[in-house]
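Enquirer: Input target.cif, format and content: mmCIF, C-alpha atoms.
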data_model
#
loop_
_atom_site.label_atom_id
_atom_site.label_comp_id
_atom_site.auth_asym_id
_atom_site.auth_seq_id
_atom_site.Cartn_x
_atom_site.Cartn_y
_atom_site.Cartn_z
CA VAL K 1 45.19 -157.41 -158.14
CA CYS K 2 46.83 -154.53 -156.28
CA LYS K 3 47.02 -151.29 -158.24
CA ASP K 4 49.24 -148.34 -157.38
CA THR K 5 47.45 -145.02 -156.96
CA LEU K 6 48.50 -141.48 -157.73
CA LYS K 7 49.87 -139.30 -154.95
CA GLU K 8 47.62 -136.54 -153.65
CA CYS K 9 48.47 -132.91 -152.97
CA PRO K 10 48.10 -131.47 -149.45
CA SER K 11 44.41 -130.77 -148.80
CA SER K 12 43.89 -131.14 -152.58
CA CYS K 13 45.19 -127.55 -152.83
CA THR K 14 42.27 -126.23 -150.71
CA LEU K 15 38.74 -126.05 -152.02
CA ASN K 16 37.14 -122.64 -151.48
CA GLY K 17 33.48 -122.85 -152.33
CA LEU K 18 33.42 -124.38 -155.79
CA GLN K 19 36.98 -123.44 -156.77
CA TYR K 20 40.37 -124.75 -155.73
CA GLN K 21 43.04 -122.26 -154.68
CA GLY K 22 45.80 -124.04 -156.58
CA GLN K 23 46.54 -126.79 -159.08
CA CYS K 24 48.04 -130.15 -158.11
CA VAL K 25 51.11 -131.01 -160.21
CA PHE K 26 53.58 -133.88 -160.13
CA ARG K 27 57.33 -133.31 -160.15
CA ASP K 28 60.22 -135.74 -160.54
CA LYS K 29 63.44 -135.79 -158.49
CA ASN K 30 64.80 -132.93 -160.63
CA TYR K 31 61.63 -130.94 -159.87
CA LEU K 32 60.44 -131.13 -163.47
CA VAL K 33 56.70 -131.48 -164.08
CA VAL K 34 55.63 -135.01 -165.05
CA ASP K 35 52.25 -136.49 -165.99
CA GLU K 36 52.07 -139.17 -163.29
CA CYS K 37 53.41 -139.76 -159.79
CA TYR K 38 52.40 -142.95 -158.01
CA ASN K 39 52.59 -143.67 -154.28
CA GLY K 40 55.10 -146.43 -154.93
CA ASP K 41 57.54 -144.02 -156.58
CA GLN K 42 59.75 -142.33 -153.98
CA PHE K 43 61.46 -140.18 -156.61
CA CYS K 44 58.48 -137.98 -157.43
CA THR K 45 56.23 -135.70 -155.39
CA ALA K 46 52.84 -134.02 -155.62
CA HIS K 47 52.85 -130.24 -155.18
CA CYS K 48 50.31 -127.43 -155.23
CA ASP K 49 50.96 -124.62 -157.67
CA CYS K 50 48.97 -121.87 -155.99
CA TYR K 51 46.87 -119.39 -157.92
CA ALA K 52 47.51 -115.67 -157.49
CA GLY K 53 46.84 -114.48 -153.96
CA PHE K 54 47.22 -117.89 -152.28
CA TYR K 55 50.28 -119.35 -150.56
CA GLY K 56 51.55 -122.32 -148.56
CA LYS K 57 52.04 -125.94 -149.53
CA ASP K 58 48.24 -126.40 -149.67
CA CYS K 59 47.44 -122.86 -150.95
CA SER K 60 45.38 -122.17 -147.84
CA LEU K 61 47.02 -118.85 -146.84
CA ASP K 62 46.34 -115.32 -148.01
CA ILE K 63 49.21 -112.82 -148.17
CA ASP K 64 48.77 -111.52 -144.61
CA ASP K 65 48.71 -115.00 -143.07
CA TYR K 66 51.58 -116.07 -145.30
CA ASP K 67 53.81 -113.19 -144.21
CA SER K 68 52.91 -113.80 -140.56
CA VAL K 69 53.76 -117.51 -140.73
CA ARG K 70 57.05 -116.86 -142.54
CA ASN K 71 58.09 -114.30 -139.93
CA THR K 72 57.15 -116.67 -137.10
CA ARG K 73 59.19 -119.53 -138.56
CA GLN K 74 62.14 -117.22 -139.17
CA THR K 75 62.02 -116.09 -135.54
CA MET K 76 61.95 -119.72 -134.39
CA CYS K 77 64.99 -120.65 -136.49
CA VAL K 78 66.94 -117.63 -135.27
CA GLY K 79 66.03 -118.51 -131.70
CA LEU K 80 67.25 -122.09 -132.14
CA TYR K 81 70.58 -120.88 -133.46
CA ARG K 82 71.04 -118.41 -130.59
CA MET K 83 70.35 -121.16 -128.05
CA LEU K 84 73.57 -122.89 -129.14
CA SER K 85 75.63 -120.41 -127.14
CA LEU K 86 73.43 -120.79 -124.06
CA GLN K 87 73.10 -124.57 -123.74
CA ASP K 88 75.39 -127.54 -123.35
CA LEU K 89 75.02 -129.82 -126.35
CA THR K 90 73.53 -132.75 -124.46
CA THR K 91 71.54 -135.54 -126.06
CA ASP K 92 68.27 -134.13 -124.71
CA PHE K 93 69.04 -130.67 -126.10
CA VAL K 94 70.04 -132.03 -129.52
CA VAL K 95 66.93 -134.24 -129.72
CA SER K 96 64.67 -131.33 -128.77
CA THR K 97 66.32 -128.87 -131.15
CA VAL K 98 66.37 -131.19 -134.16
CA THR K 99 62.70 -132.04 -133.53
CA ASN K 100 61.94 -128.31 -133.54
CA ILE K 101 63.92 -127.82 -136.75
CA VAL K 102 61.89 -130.55 -138.45
CA SER K 103 58.54 -129.07 -137.41
CA THR K 104 59.59 -125.49 -138.21
CA THR K 105 60.83 -126.34 -141.71
CA LEU K 106 58.12 -128.84 -142.63
CA ASP K 107 56.52 -126.52 -145.20
CA PRO K 108 59.34 -125.15 -147.39
CA THR K 109 57.04 -122.54 -148.92
CA GLN K 110 56.75 -120.86 -145.50
CA LEU K 111 60.49 -120.29 -145.03
CA THR K 112 62.63 -117.22 -145.63
CA HIS K 113 66.28 -117.37 -146.69
CA TYR K 114 67.32 -116.08 -143.29
CA GLY K 115 65.10 -118.57 -141.50
CA ILE K 116 66.22 -121.74 -143.29
CA GLY K 117 69.80 -120.48 -143.11
CA ASN K 118 69.67 -120.24 -139.32
CA CYS K 119 67.98 -123.62 -138.92
CA THR K 120 70.56 -125.26 -141.18
CA ALA K 121 73.44 -123.53 -139.37
CA THR K 122 72.08 -124.89 -136.08
CA PHE K 123 72.02 -128.36 -137.59
CA GLU K 124 75.57 -127.97 -138.91
CA ALA K 125 76.81 -127.05 -135.43
CA PHE K 126 75.59 -130.42 -134.14
CA VAL K 127 77.26 -132.27 -137.02
CA GLU K 128 80.53 -130.47 -136.29
CA GLN K 129 80.53 -130.53 -132.50
CA VAL K 130 78.55 -133.64 -131.46
CA PRO K 131 78.43 -135.99 -134.47
CA SER K 132 78.04 -139.07 -132.26
CA ILE K 133 74.84 -137.61 -130.75
CA ILE K 134 73.14 -136.39 -133.92
CA ALA K 135 73.95 -139.72 -135.62
CA SER K 136 72.69 -141.80 -132.69
CA ASP K 137 69.54 -143.90 -132.66
CA ASP K 138 67.77 -141.17 -130.66
CA VAL K 139 68.22 -138.49 -133.30
CA VAL K 140 69.29 -139.82 -136.68
CA ASP K 141 65.83 -140.26 -138.22
CA SER K 142 64.81 -136.72 -137.27
CA ALA K 143 68.19 -135.45 -138.43
CA PHE K 144 67.70 -136.81 -141.93
CA SER K 145 64.13 -135.45 -141.94
CA ALA K 146 65.54 -132.00 -141.23
CA LEU K 147 67.92 -132.35 -144.17
CA SER K 148 65.08 -133.54 -146.37
CA ASN K 149 63.09 -130.41 -145.50
CA ALA K 150 66.07 -128.19 -146.30
CA TRP K 151 66.53 -129.96 -149.62
CA ALA K 152 62.84 -129.47 -150.43
CA PHE K 153 63.32 -125.73 -149.89
CA SER K 154 66.32 -125.70 -152.21
CA THR K 155 64.29 -127.25 -155.04
CA LEU K 156 61.19 -125.05 -154.88
CA PRO K 157 60.19 -123.68 -158.30
CA LEU K 158 61.38 -120.13 -158.83
CA ASN K 159 58.74 -117.43 -159.18
CA MET K 160 59.43 -116.23 -162.71
CA SER K 161 57.31 -113.11 -162.15
CA GLU K 162 59.86 -111.73 -159.68
CA PRO K 163 62.20 -108.91 -160.77
CA ALA K 164 65.38 -110.18 -162.42
CA GLU K 165 67.64 -109.27 -159.50
CA VAL K 166 65.36 -111.05 -157.01
CA LEU K 167 65.11 -114.09 -159.28
CA LEU K 168 68.90 -114.28 -159.53
CA GLU K 169 69.29 -113.94 -155.75
CA ASN K 170 66.77 -116.72 -155.12
CA GLU K 171 68.43 -119.02 -157.65
CA GLU K 172 71.88 -118.44 -156.16
CA PHE K 173 70.61 -119.09 -152.64
CA GLN K 174 68.89 -122.30 -153.67
CA ASN K 175 72.07 -123.51 -155.36
CA HIS K 176 73.98 -122.69 -152.18
CA MET K 177 71.45 -124.62 -150.10
CA GLN K 178 71.73 -127.67 -152.35
CA SER K 179 75.51 -127.74 -151.93
CA TRP K 180 75.18 -127.18 -148.18
CA VAL K 181 72.60 -129.94 -147.69
CA THR K 182 74.58 -132.37 -149.86
CA ASP K 183 77.67 -131.76 -147.72
CA LEU K 184 75.73 -132.19 -144.46
CA THR K 185 74.09 -135.38 -145.74
CA THR K 186 77.51 -136.85 -146.51
CA ARG K 187 78.92 -135.85 -143.11
CA LEU K 188 75.90 -137.17 -141.23
CA ALA K 189 76.07 -140.47 -143.15
CA ILE K 190 79.74 -140.84 -142.20
CA ALA K 191 78.92 -140.04 -138.57
CA ARG K 192 76.09 -142.58 -138.62
CA GLN K 193 78.39 -145.20 -140.11
CA ALA K 194 80.81 -144.65 -137.24
CA THR K 195 78.09 -145.59 -134.72
CA LEU K 196 77.52 -148.98 -136.37
CA ALA K 197 79.40 -152.16 -135.59
CA LEU K 198 80.87 -154.23 -138.39
CA GLY K 199 78.13 -156.41 -139.82
CA GLU K 200 75.35 -154.62 -137.92
CA ALA K 201 72.13 -153.97 -139.81
CA GLY K 202 72.40 -150.71 -141.70
CA THR K 203 70.23 -147.61 -141.66
CA THR K 204 67.82 -146.87 -144.50
CA VAL K 205 66.99 -143.22 -145.01
CA SER K 206 64.53 -141.63 -147.43
CA LEU K 207 65.14 -138.04 -148.47
CA SER K 208 63.43 -135.92 -151.10
CA GLY K 209 64.31 -137.72 -154.33
CA MET K 210 66.91 -139.95 -152.71
CA ARG K 211 67.08 -143.14 -150.67
CA LEU K 212 70.24 -143.94 -148.73
CA TYR K 213 71.43 -147.15 -147.15
CA ILE K 214 74.21 -146.64 -144.59
CA PHE K 215 76.15 -149.61 -143.29
CA ARG K 216 79.60 -150.53 -142.04
CA GLN K 217 81.92 -153.16 -143.38
CA LEU K 218 85.52 -153.36 -144.50
CA SER K 219 84.71 -151.21 -147.50
CA GLY K 220 81.83 -148.94 -146.49
CA ALA K 221 79.54 -146.99 -148.77
CA PHE K 222 76.15 -145.45 -148.97
CA ILE K 223 74.23 -145.52 -152.23
CA ASN K 224 71.07 -144.51 -153.97
CA SER K 225 68.62 -147.39 -154.11
CA ASP K 226 68.77 -147.43 -157.90
CA ASN K 227 72.59 -147.65 -157.78
CA SER K 228 72.80 -144.50 -159.89
CA SER K 229 75.36 -142.95 -157.55
CA VAL K 230 77.85 -144.42 -155.12
CA PHE K 231 79.54 -142.32 -152.46
CA SER K 232 82.66 -144.00 -151.09
CA LEU K 233 83.34 -143.57 -147.40
CA PRO K 234 86.55 -144.21 -145.45
CA GLN K 235 87.37 -147.84 -144.89
CA ASN K 236 86.88 -149.20 -141.41
CA ALA K 237 89.38 -151.37 -139.64
#
Can you dump the structure from the file as structure tokens?
Expert:
Amino acid sequence: VCKDTLKECPSSCTLNGLQYQGQCVFRDKNYLVVDECYNGDQFCTAHCDCYAGFYGKDCSLDIDDYDSVRNTRQTMCVGLYRMLSLQDLTTDFVVSTVTNIVSTTLDPTQLTHYGIGNCTATFEAFVEQVPSIIASDDVVDSAFSALSNAWAFSTLPLNMSEPAEVLLENEEFQNHMQSWVTDLTTRLAIARQATLALGEAGTTVSLSGMRLYIFRQLSGAFINSDNSSVFSLPQNA
């Protein structure tokens, strides 16, 4: 008899000697702590809650390394955005840039507001200017991975020990990111739908806490796998 197993945290939250540097917790799609999270459940995740002095998704970084990594990733995102004005938006350039966005934003705990903002703005430029490329077979999987990373950043638990003004700023930025990513997900899904022929097999996409199925027929739609939400798209002739 097959038995589902619990998800594991990255590096088990890093064992240092006889003590772990963080605690593994399970969170549901609303980022609320739950008791269990099985590998077969795509709507929950395992996260490390790092103890004081440790950072990163696996709690492996001290404050100096953490600041260095965050600055490096911010510089990479800013560089990607600046390249938009220097390069033609060819398929090769879009593929390369989206791949870099995915790798740069893979760990949401290592991102600054300015960094994730620049990476997401770069992504949005592709959706606006070359939707047929970013929604093509060459790029679409990586494109949705980039959006999933941005969404993961927007749902990180707030650090309640921060000063009130910092806490408010972080909460407002995360709310802004959620709205931004939701809009980009919708626009990318519509662009992807436009690349499909009527009756062609659709595209299944898994995001953080969401699973989309994009297809094209006389009345197109993309939906959550549990049918909890339906987003109507323009009809296709």
Enquirer: On this file, the PyMOL selection byres ((chain K and resi 7) around 10) gives some set of residues; write that set as a PyMOL selection string.
Expert: chain K and resi 4-6+8-10+24-26+36-41+44-47
Enquirer: Keeping C-alpha atoms for every residue in the selection just given, could you write it to a file as an mmCIF file, in the coordinates of the input?
Expert:
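Output (out_18.cif):
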data_model
loop_
_atom_site.group_PDB
_atom_site.id
_atom_site.type_symbol
_atom_site.label_atom_id
_atom_site.label_comp_id
_atom_site.auth_asym_id
_atom_site.auth_seq_id
_atom_site.Cartn_x
_atom_site.Cartn_y
_atom_site.Cartn_z
ATOM 1 C CA ASP K 4 49.240 -148.340 -157.380
ATOM 2 C CA THR K 5 47.450 -145.020 -156.960
ATOM 3 C CA LEU K 6 48.500 -141.480 -157.730
ATOM 4 C CA GLU K 8 47.620 -136.540 -153.650
ATOM 5 C CA CYS K 9 48.470 -132.910 -152.970
ATOM 6 C CA PRO K 10 48.100 -131.470 -149.450
ATOM 7 C CA CYS K 24 48.040 -130.150 -158.110
ATOM 8 C CA VAL K 25 51.110 -131.010 -160.210
ATOM 9 C CA PHE K 26 53.580 -133.880 -160.130
ATOM 10 C CA GLU K 36 52.070 -139.170 -163.290
ATOM 11 C CA CYS K 37 53.410 -139.760 -159.790
ATOM 12 C CA TYR K 38 52.400 -142.950 -158.010
ATOM 13 C CA ASN K 39 52.590 -143.670 -154.280
ATOM 14 C CA GLY K 40 55.100 -146.430 -154.930
ATOM 15 C CA ASP K 41 57.540 -144.020 -156.580
ATOM 16 C CA CYS K 44 58.480 -137.980 -157.430
ATOM 17 C CA THR K 45 56.230 -135.700 -155.390
ATOM 18 C CA ALA K 46 52.840 -134.020 -155.620
ATOM 19 C CA HIS K 47 52.850 -130.240 -155.180
#
Enquirer: Between atom CA of K:Leu188 and atom CA of K:Ile134, what is the distance, to one decimal in Å?
Expert: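 For atom CA of K:Leu188 relative to atom CA of K:Ile134, the distance reads 7.9 Å.
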Enquirer: Report the residues retrieved by the PyMOL selection byres ((chain K and resi 189-204) around 7) from the displayed file, expressed as an mmCIF file with C-alpha atoms, in the coordinates of the input.
Expert:
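selection06.cif was written with the following content:
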data_model
loop_
_atom_site.group_PDB
_atom_site.id
_atom_site.type_symbol
_atom_site.label_atom_id
_atom_site.label_comp_id
_atom_site.auth_asym_id
_atom_site.auth_seq_id
_atom_site.Cartn_x
_atom_site.Cartn_y
_atom_site.Cartn_z
ATOM 1 C CA PRO K 131 78.430 -135.990 -134.470
ATOM 2 C CA SER K 132 78.040 -139.070 -132.260
ATOM 3 C CA ALA K 135 73.950 -139.720 -135.620
ATOM 4 C CA SER K 136 72.690 -141.800 -132.690
ATOM 5 C CA THR K 185 74.090 -135.380 -145.740
ATOM 6 C CA THR K 186 77.510 -136.850 -146.510
ATOM 7 C CA ARG K 187 78.920 -135.850 -143.110
ATOM 8 C CA LEU K 188 75.900 -137.170 -141.230
ATOM 9 C CA VAL K 205 66.990 -143.220 -145.010
ATOM 10 C CA SER K 206 64.530 -141.630 -147.430
ATOM 11 C CA LEU K 212 70.240 -143.940 -148.730
ATOM 12 C CA TYR K 213 71.430 -147.150 -147.150
ATOM 13 C CA ILE K 214 74.210 -146.640 -144.590
ATOM 14 C CA PHE K 215 76.150 -149.610 -143.290
ATOM 15 C CA ARG K 216 79.600 -150.530 -142.040
ATOM 16 C CA GLN K 217 81.920 -153.160 -143.380
ATOM 17 C CA LEU K 233 83.340 -143.570 -147.400
#
Enquirer: From the list K:Asp141, K:Asp107, K:Glu171, K:Glu128, which residue is nearest K:Arg70 when using all atoms listed in the file?
Expert: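 The shortest atom-to-atom distance to K:Arg70 comes from K:Asp107.
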Enquirer: Could you please determine the separation between atom CA of K:Ser148 and atom CA of K:Leu111 in Å, to one decimal place?
Expert: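 That distance, rounded to one decimal, is 14.1 Å.
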Enquirer: Any chance you could resolve the PyMOL selection byres ((chain K and resi 120) around 10) against this file and give the residues as a ChimeraX atom specification?
Expert: /K:77,81,101,105,114-119,121-125,146-147,150,177,180-181,184
Enquirer: For atom CA of K:Gln23 and atom CA of K:Cys48, determine how far apart the two atoms are, in Å to one decimal place.
Expert: 5.4 Å
Enquirer: Would you please work out which residue, of K:Tyr51, K:Phe126, K:Leu61, K:Phe43, is nearest to K:Leu84 when using all atoms listed in the file?
Expert: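 Ranked by minimum distance to K:Leu84, first place goes to K:Phe126.
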Enquirer: In terms of the shortest atom-to-atom distance over only C-alpha atoms, which of K:Leu15, K:Val98, K:Leu89, K:Val78 is closest to K:Ser60?
Expert: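 That would be K:Leu15, the residue with the smallest distance to K:Ser60.
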